[in-house]
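This is my_file-v7.cif. It holds mmCIF, C-alpha atoms.
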data_upload
#
loop_
_atom_site.label_atom_id
_atom_site.label_comp_id
_atom_site.auth_asym_id
_atom_site.auth_seq_id
_atom_site.Cartn_x
_atom_site.Cartn_y
_atom_site.Cartn_z
CA MET A 1 -203.17 -6.56 -227.21
CA LYS A 2 -206.36 -4.54 -227.16
CA GLN A 3 -208.15 -3.62 -223.95
CA LYS A 4 -211.66 -5.02 -223.49
CA TYR A 5 -212.67 -1.91 -221.54
CA SER A 6 -211.74 1.57 -222.69
CA SER A 7 -210.08 3.80 -220.14
CA ALA A 8 -211.51 6.97 -221.69
CA GLU A 9 -214.21 7.50 -219.06
CA THR A 10 -211.94 6.86 -216.07
CA SER A 11 -210.26 10.28 -216.29
CA LEU A 12 -211.09 12.42 -213.24
CA CYS A 13 -210.75 16.18 -212.85
CA ILE A 14 -208.62 16.09 -209.68
CA VAL A 15 -205.00 16.71 -208.73
CA ASN A 16 -203.59 13.20 -208.37
CA LYS A 17 -202.11 12.08 -205.06
CA VAL A 18 -198.71 11.63 -206.70
CA TYR A 19 -198.50 15.38 -207.26
CA THR A 20 -199.62 16.33 -203.75
CA HIS A 21 -197.59 13.70 -201.86
CA TYR A 22 -194.34 13.25 -203.81
CA THR A 23 -191.66 15.93 -203.86
CA PHE A 24 -190.46 16.71 -207.37
CA ALA A 25 -187.38 18.87 -207.81
CA SER A 26 -188.16 22.33 -209.09
CA GLY A 27 -187.13 22.64 -212.72
CA SER A 28 -187.70 18.96 -213.43
CA ASN A 29 -189.84 17.57 -216.21
CA VAL A 30 -192.43 14.83 -215.90
CA LEU A 31 -194.07 12.57 -218.45
CA ASP A 32 -197.52 11.78 -217.06
CA TYR A 33 -198.31 8.42 -218.69
CA GLY A 34 -202.08 8.03 -218.94
CA GLY A 35 -202.60 11.46 -217.41
CA GLY A 36 -206.18 11.90 -218.61
CA LYS A 37 -208.02 14.63 -220.41
CA TYR A 38 -207.76 17.38 -217.81
CA ASP A 39 -204.83 19.75 -217.28
CA LEU A 40 -205.28 20.23 -213.54
CA ASN A 41 -202.10 18.29 -212.66
CA THR A 42 -200.11 20.20 -215.27
CA ARG A 43 -201.25 23.58 -213.92
CA PHE A 44 -200.77 22.51 -210.29
CA MET A 45 -197.18 21.45 -210.93
CA LYS A 46 -196.36 24.44 -213.14
CA GLU A 47 -197.03 26.64 -210.08
CA ARG A 48 -194.34 24.56 -208.32
CA GLY A 49 -191.77 24.93 -211.10
CA VAL A 50 -192.27 21.45 -212.58
CA ASP A 51 -193.11 20.86 -216.25
CA VAL A 52 -195.65 18.06 -216.79
CA SER A 53 -196.46 16.66 -220.25
CA VAL A 54 -199.43 14.32 -220.54
CA TYR A 55 -199.58 11.26 -222.74
CA ASP A 56 -202.96 9.50 -222.83
CA LYS A 57 -203.97 7.33 -225.76
CA PHE A 58 -207.65 7.45 -224.78
CA ASN A 59 -208.01 11.12 -223.85
CA ARG A 60 -205.55 13.06 -226.02
CA SER A 61 -205.28 13.35 -229.78
CA GLU A 62 -202.85 11.25 -231.82
CA ASP A 63 -200.98 14.43 -232.76
CA HIS A 64 -200.69 15.54 -229.13
CA ASN A 65 -199.48 12.10 -228.01
CA ALA A 66 -196.97 11.87 -230.86
CA ARG A 67 -195.51 15.29 -229.93
CA VAL A 68 -195.27 14.39 -226.24
CA LEU A 69 -193.61 11.03 -226.89
CA ARG A 70 -191.21 12.49 -229.46
CA ALA A 71 -190.13 15.16 -226.96
CA ALA A 72 -189.73 12.56 -224.19
CA ARG A 73 -187.59 10.36 -226.46
CA GLN A 74 -185.40 13.34 -227.43
CA ARG A 75 -185.02 14.66 -223.89
CA ARG A 76 -185.44 11.99 -221.26
CA PRO A 77 -187.95 13.08 -218.60
CA ASP A 78 -186.67 13.33 -215.05
CA TYR A 79 -189.74 11.38 -213.94
CA VAL A 80 -192.48 9.25 -215.44
CA VAL A 81 -195.72 9.27 -213.46
CA CYS A 82 -198.39 6.60 -213.84
CA SER A 83 -201.26 7.40 -211.52
CA ASN A 84 -204.50 5.44 -211.39
CA VAL A 85 -203.90 3.88 -214.79
CA LEU A 86 -202.91 0.25 -214.21
CA ASN A 87 -205.91 -0.37 -211.97
CA VAL A 88 -208.43 0.32 -214.77
CA ILE A 89 -206.93 -2.25 -217.15
CA MET A 90 -208.17 -5.85 -217.00
CA GLU A 91 -205.49 -7.49 -219.13
CA ASP A 92 -202.14 -8.28 -217.51
CA GLU A 93 -200.52 -8.23 -220.96
CA VAL A 94 -201.63 -4.63 -221.50
CA VAL A 95 -200.33 -3.63 -218.06
CA ASP A 96 -197.03 -5.35 -218.87
CA GLY A 97 -196.78 -3.45 -222.17
CA ILE A 98 -197.37 -0.13 -220.41
CA LEU A 99 -194.71 -0.92 -217.79
CA GLU A 100 -192.27 -1.91 -220.54
CA ASP A 101 -192.94 1.32 -222.43
CA MET A 102 -192.52 3.46 -219.31
CA ALA A 103 -189.25 1.70 -218.46
CA SER A 104 -187.94 2.48 -221.95
CA PHE A 105 -187.64 6.16 -221.02
CA GLY A 106 -184.93 5.34 -218.48
CA SER A 107 -186.45 7.67 -215.89
CA ARG A 108 -187.34 7.49 -212.22
CA THR A 109 -190.95 6.30 -212.26
CA ILE A 110 -193.71 6.84 -209.73
CA ILE A 111 -196.64 4.41 -209.90
CA ALA A 112 -199.85 4.84 -207.93
CA VAL A 113 -203.05 2.84 -208.17
CA TYR A 114 -206.55 3.20 -206.85
CA GLU A 115 -207.18 0.04 -204.84
CA GLY A 116 -210.98 0.13 -205.12
CA ASP A 117 -212.59 -2.27 -202.66
CA ARG A 118 -209.22 -4.05 -202.17
CA THR A 119 -210.71 -7.52 -202.72
CA GLY A 120 -208.54 -8.37 -205.71
CA THR A 121 -211.67 -9.21 -207.67
CA GLY A 122 -211.83 -7.07 -210.79
CA ARG A 123 -215.16 -6.01 -212.20
CA GLU A 124 -216.81 -3.88 -214.82
CA THR A 125 -217.83 -0.43 -213.60
CA SER A 126 -220.10 2.28 -214.99
CA LYS A 127 -216.98 3.95 -216.44
CA GLY A 128 -214.98 0.91 -217.54
CA TYR A 129 -213.11 -1.55 -215.33
CA GLN A 130 -211.56 -1.66 -211.85
CA ARG A 131 -209.05 -4.31 -210.71
CA ASN A 132 -209.76 -3.71 -206.99
CA ALA A 133 -206.24 -4.92 -206.22
CA LYS A 134 -203.98 -3.70 -203.44
CA LEU A 135 -200.78 -1.95 -204.49
CA ALA A 136 -198.76 -5.02 -203.46
CA ALA A 137 -200.52 -7.09 -206.14
CA TYR A 138 -198.84 -4.98 -208.84
CA ILE A 139 -195.31 -5.49 -207.50
CA PRO A 140 -194.56 -8.74 -209.41
CA MET A 141 -195.53 -7.06 -212.70
CA VAL A 142 -193.58 -3.89 -211.88
CA GLU A 143 -190.46 -5.86 -210.87
CA LYS A 144 -190.17 -7.33 -214.37
CA HIS A 145 -189.21 -3.86 -215.62
CA PHE A 146 -188.13 -1.80 -212.60
CA ASP A 147 -186.18 -1.93 -209.39
CA ILE A 148 -188.50 -0.68 -206.69
CA ILE A 149 -186.74 1.87 -204.51
CA SER A 150 -189.57 2.48 -202.09
CA LYS A 151 -193.19 1.73 -201.37
CA ARG A 152 -194.74 4.56 -199.43
CA GLY A 153 -197.97 6.47 -199.31
CA GLY A 154 -199.66 4.06 -201.71
CA MET A 155 -197.01 4.67 -204.37
CA LEU A 156 -194.10 2.73 -205.82
CA GLU A 157 -190.96 4.71 -206.62
CA CYS A 158 -188.95 2.81 -209.22
CA LEU A 159 -185.87 2.87 -211.42
CA PRO A 160 -185.78 0.98 -214.73
CA ARG A 161 -183.50 -2.01 -214.94
#

Can you dump the structure from the file as structure tokens?
Amino acid sequence: MKQKYSSAETSLCIVNKVYTHYTFASGSNVLDYGGGKYDLNTRFMKERGVDVSVYDKFNRSEDHNARVLRAARQRRPDYVVCSNVLNVIMEDEVVDGILEDMASFGSRTIIAVYEGDRTGTGRETSKGYQRNAKLAAYIPMVEKHFDIISKRGGMLECLPR
């Protein structure tokens, strides 16, 4: 299913909360699913001994994405991170497809969302779309593909089923 609103303009040049609040083992590798067009997270984690590869269908080239996914399929990442991605997608079917794809890697997965105004009423924004849903609203979708280990600090830590 195609998204009504592109996520291309939702990429921000910041270090995501997942990388500043979650402890990744040094030497581990991370697939950042929907990681945006900037390499700030990659550089931040490299300084901490963690290798981050970004996949983003809206903000990276087809060649780049193909290389990243091929490498992740050949050598399972220790973690998959999905930060502030699901909240900018209007269609539940698209969110479900992303969750299914992330689960296919068989890795520990960290999901974080921006809750917006927390009303649960999605709306078009100047940069695309925002669901405005609390983290708890995503749990039923996530539980179709993952066992949730913990919910802390606005993040879900999950294992694929």

Measure the distance from atom CA of Arg161 of chain A to atom CA of Thr20 of chain A in Å and round it to one decimal. 26.9 Å

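Reported to one decimal place, the separation of atom CA of Lys151 of chain A from atom CA of Ala133 of chain A is 15.4 Å.
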
Could you tell me, as a PyMOL selection string, exactly which residues end up selected when the PyMOL selection byres ((chain A and resi 58-71) around 12) is applied to this structure? chain A and resi 3+5-12+29-39+52-57+72-77+80+85+101-102+104-105

re atom CA of Met90 of chain A and atom CA of His145 of chain A: distance 19.1 Å

Residue among A:Tyr19, A:Tyr79, A:Tyr129, A:Phe146 lying closest to Leu99 of chain A, counting all atoms listed in the file: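 So, comparing all the options, the nearest one is A:Phe146.
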
Given the file shown, determine the residues that the PyMOL selection byres ((chain A and resi 25) around 12) selects; report them as number ranges by chain. A: 19, 22-24, 26-30, 45-46, 48-51, 78-79

Using all atoms listed in the file, the best pick from A:Val95, A:Val142, A:Ile149, A:Met155 as closest to Ser83 of chain A would be A:Met155

Filled-in N, CA and C atoms of segment 114-141 of chain A, supplied as a PDB file, keeping the file's coordinate frame:
ATOM      1  N   TYR A 114    -205.370   3.148-207.700  1.00  0.00           N
ATOM      2  CA  TYR A 114    -206.550   3.200-206.850  1.00  0.00           C
ATOM      3  C   TYR A 114    -206.901   1.751-206.526  1.00  0.00           C
ATOM      4  N   GLU A 115    -206.995   1.424-205.252  1.00  0.00           N
ATOM      5  CA  GLU A 115    -207.180   0.040-204.840  1.00  0.00           C
ATOM      6  C   GLU A 115    -208.645  -0.412-204.837  1.00  0.00           C
ATOM      7  N   GLY A 116    -209.566   0.498-205.088  1.00  0.00           N
ATOM      8  CA  GLY A 116    -210.980   0.130-205.120  1.00  0.00           C
ATOM      9  C   GLY A 116    -211.419  -0.486-203.804  1.00  0.00           C
ATOM     10  N   ASP A 117    -212.120  -1.626-203.886  1.00  0.00           N
ATOM     11  CA  ASP A 117    -212.590  -2.270-202.660  1.00  0.00           C
ATOM     12  C   ASP A 117    -211.547  -3.203-202.049  1.00  0.00           C
ATOM     13  N   ARG A 118    -210.382  -3.314-202.673  1.00  0.00           N
ATOM     14  CA  ARG A 118    -209.220  -4.050-202.170  1.00  0.00           C
ATOM     15  C   ARG A 118    -209.430  -5.562-202.079  1.00  0.00           C
ATOM     16  N   THR A 119    -210.431  -6.083-202.775  1.00  0.00           N
ATOM     17  CA  THR A 119    -210.710  -7.520-202.720  1.00  0.00           C
ATOM     18  C   THR A 119    -209.837  -8.315-203.676  1.00  0.00           C
ATOM     19  N   GLY A 120    -209.288  -7.659-204.682  1.00  0.00           N
ATOM     20  CA  GLY A 120    -208.540  -8.370-205.710  1.00  0.00           C
ATOM     21  C   GLY A 120    -209.434  -8.963-206.783  1.00  0.00           C
ATOM     22  N   THR A 121    -210.711  -8.710-206.680  1.00  0.00           N
ATOM     23  CA  THR A 121    -211.670  -9.210-207.670  1.00  0.00           C
ATOM     24  C   THR A 121    -212.047  -8.058-208.597  1.00  0.00           C
ATOM     25  N   GLY A 122    -211.527  -8.115-209.824  1.00  0.00           N
ATOM     26  CA  GLY A 122    -211.830  -7.070-210.790  1.00  0.00           C
ATOM     27  C   GLY A 122    -213.265  -7.163-211.275  1.00  0.00           C
ATOM     28  N   ARG A 123    -213.794  -6.009-211.689  1.00  0.00           N
ATOM     29  CA  ARG A 123    -215.160  -6.010-212.200  1.00  0.00           C
ATOM     30  C   ARG A 123    -215.395  -4.810-213.108  1.00  0.00           C
ATOM     31  N   GLU A 124    -216.372  -4.970-213.968  1.00  0.00           N
ATOM     32  CA  GLU A 124    -216.810  -3.880-214.820  1.00  0.00           C
ATOM     33  C   GLU A 124    -217.456  -2.807-213.949  1.00  0.00           C
ATOM     34  N   THR A 125    -217.222  -1.544-214.314  1.00  0.00           N
ATOM     35  CA  THR A 125    -217.830  -0.430-213.600  1.00  0.00           C
ATOM     36  C   THR A 125    -218.637   0.404-214.593  1.00  0.00           C
ATOM     37  N   SER A 126    -219.310   1.405-214.107  1.00  0.00           N
ATOM     38  CA  SER A 126    -220.100   2.280-214.990  1.00  0.00           C
ATOM     39  C   SER A 126    -219.202   3.066-215.943  1.00  0.00           C
ATOM     40  N   LYS A 127    -217.911   3.190-215.608  1.00  0.00           N
ATOM     41  CA  LYS A 127    -216.980   3.950-216.440  1.00  0.00           C
ATOM     42  C   LYS A 127    -215.921   3.099-217.116  1.00  0.00           C
ATOM     43  N   GLY A 128    -215.983   1.782-216.929  1.00  0.00           N
ATOM     44  CA  GLY A 128    -214.980   0.910-217.540  1.00  0.00           C
ATOM     45  C   GLY A 128    -214.723  -0.317-216.714  1.00  0.00           C
ATOM     46  N   TYR A 129    -213.543  -0.363-216.077  1.00  0.00           N
ATOM     47  CA  TYR A 129    -213.110  -1.550-215.330  1.00  0.00           C
ATOM     48  C   TYR A 129    -212.298  -1.113-214.124  1.00  0.00           C
ATOM     49  N   GLN A 130    -212.358  -1.904-213.047  1.00  0.00           N
ATOM     50  CA  GLN A 130    -211.560  -1.660-211.850  1.00  0.00           C
ATOM     51  C   GLN A 130    -211.022  -2.995-211.351  1.00  0.00           C
ATOM     52  N   ARG A 131    -209.684  -3.072-211.190  1.00  0.00           N
ATOM     53  CA  ARG A 131    -209.050  -4.310-210.710  1.00  0.00           C
ATOM     54  C   ARG A 131    -209.343  -4.592-209.232  1.00  0.00           C
ATOM     55  N   ASN A 132    -209.529  -3.561-208.432  1.00  0.00           N
ATOM     56  CA  ASN A 132    -209.760  -3.710-206.990  1.00  0.00           C
ATOM     57  C   ASN A 132    -208.610  -4.409-206.277  1.00  0.00           C
ATOM     58  N   ALA A 133    -207.418  -4.255-206.784  1.00  0.00           N
ATOM     59  CA  ALA A 133    -206.240  -4.920-206.220  1.00  0.00           C
ATOM     60  C   ALA A 133    -205.435  -3.950-205.360  1.00  0.00           C
ATOM     61  N   LYS A 134    -204.872  -4.487-204.292  1.00  0.00           N
ATOM     62  CA  LYS A 134    -203.980  -3.700-203.440  1.00  0.00           C
ATOM     63  C   LYS A 134    -202.695  -3.395-204.210  1.00  0.00           C
ATOM     64  N   LEU A 135    -202.020  -2.349-203.827  1.00  0.00           N
ATOM     65  CA  LEU A 135    -200.780  -1.950-204.490  1.00  0.00           C
ATOM     66  C   LEU A 135    -199.789  -3.112-204.553  1.00  0.00           C
ATOM     67  N   ALA A 136    -199.707  -3.896-203.506  1.00  0.00           N
ATOM     68  CA  ALA A 136    -198.760  -5.020-203.460  1.00  0.00           C
ATOM     69  C   ALA A 136    -198.988  -6.025-204.580  1.00  0.00           C
ATOM     70  N   ALA A 137    -200.214  -6.134-205.067  1.00  0.00           N
ATOM     71  CA  ALA A 137    -200.520  -7.090-206.140  1.00  0.00           C
ATOM     72  C   ALA A 137    -199.837  -6.710-207.454  1.00  0.00           C
ATOM     73  N   TYR A 138    -199.483  -5.451-207.612  1.00  0.00           N
ATOM     74  CA  TYR A 138    -198.840  -4.980-208.840  1.00  0.00           C
ATOM     75  C   TYR A 138    -197.326  -5.191-208.815  1.00  0.00           C
ATOM     76  N   ILE A 139    -196.769  -5.414-207.645  1.00  0.00           N
ATOM     77  CA  ILE A 139    -195.310  -5.490-207.500  1.00  0.00           C
ATOM     78  C   ILE A 139    -194.679  -6.545-208.407  1.00  0.00           C
ATOM     79  N   PRO A 140    -195.196  -7.774-208.508  1.00  0.00           N
ATOM     80  CA  PRO A 140    -194.560  -8.740-209.410  1.00  0.00           C
ATOM     81  C   PRO A 140    -194.501  -8.273-210.867  1.00  0.00           C
ATOM     82  N   MET A 141    -195.540  -7.577-211.330  1.00  0.00           N
ATOM     83  CA  MET A 141    -195.530  -7.060-212.700  1.00  0.00           C
ATOM     84  C   MET A 141    -194.515  -5.928-212.842  1.00  0.00           C
TER      85      MET A 141
END
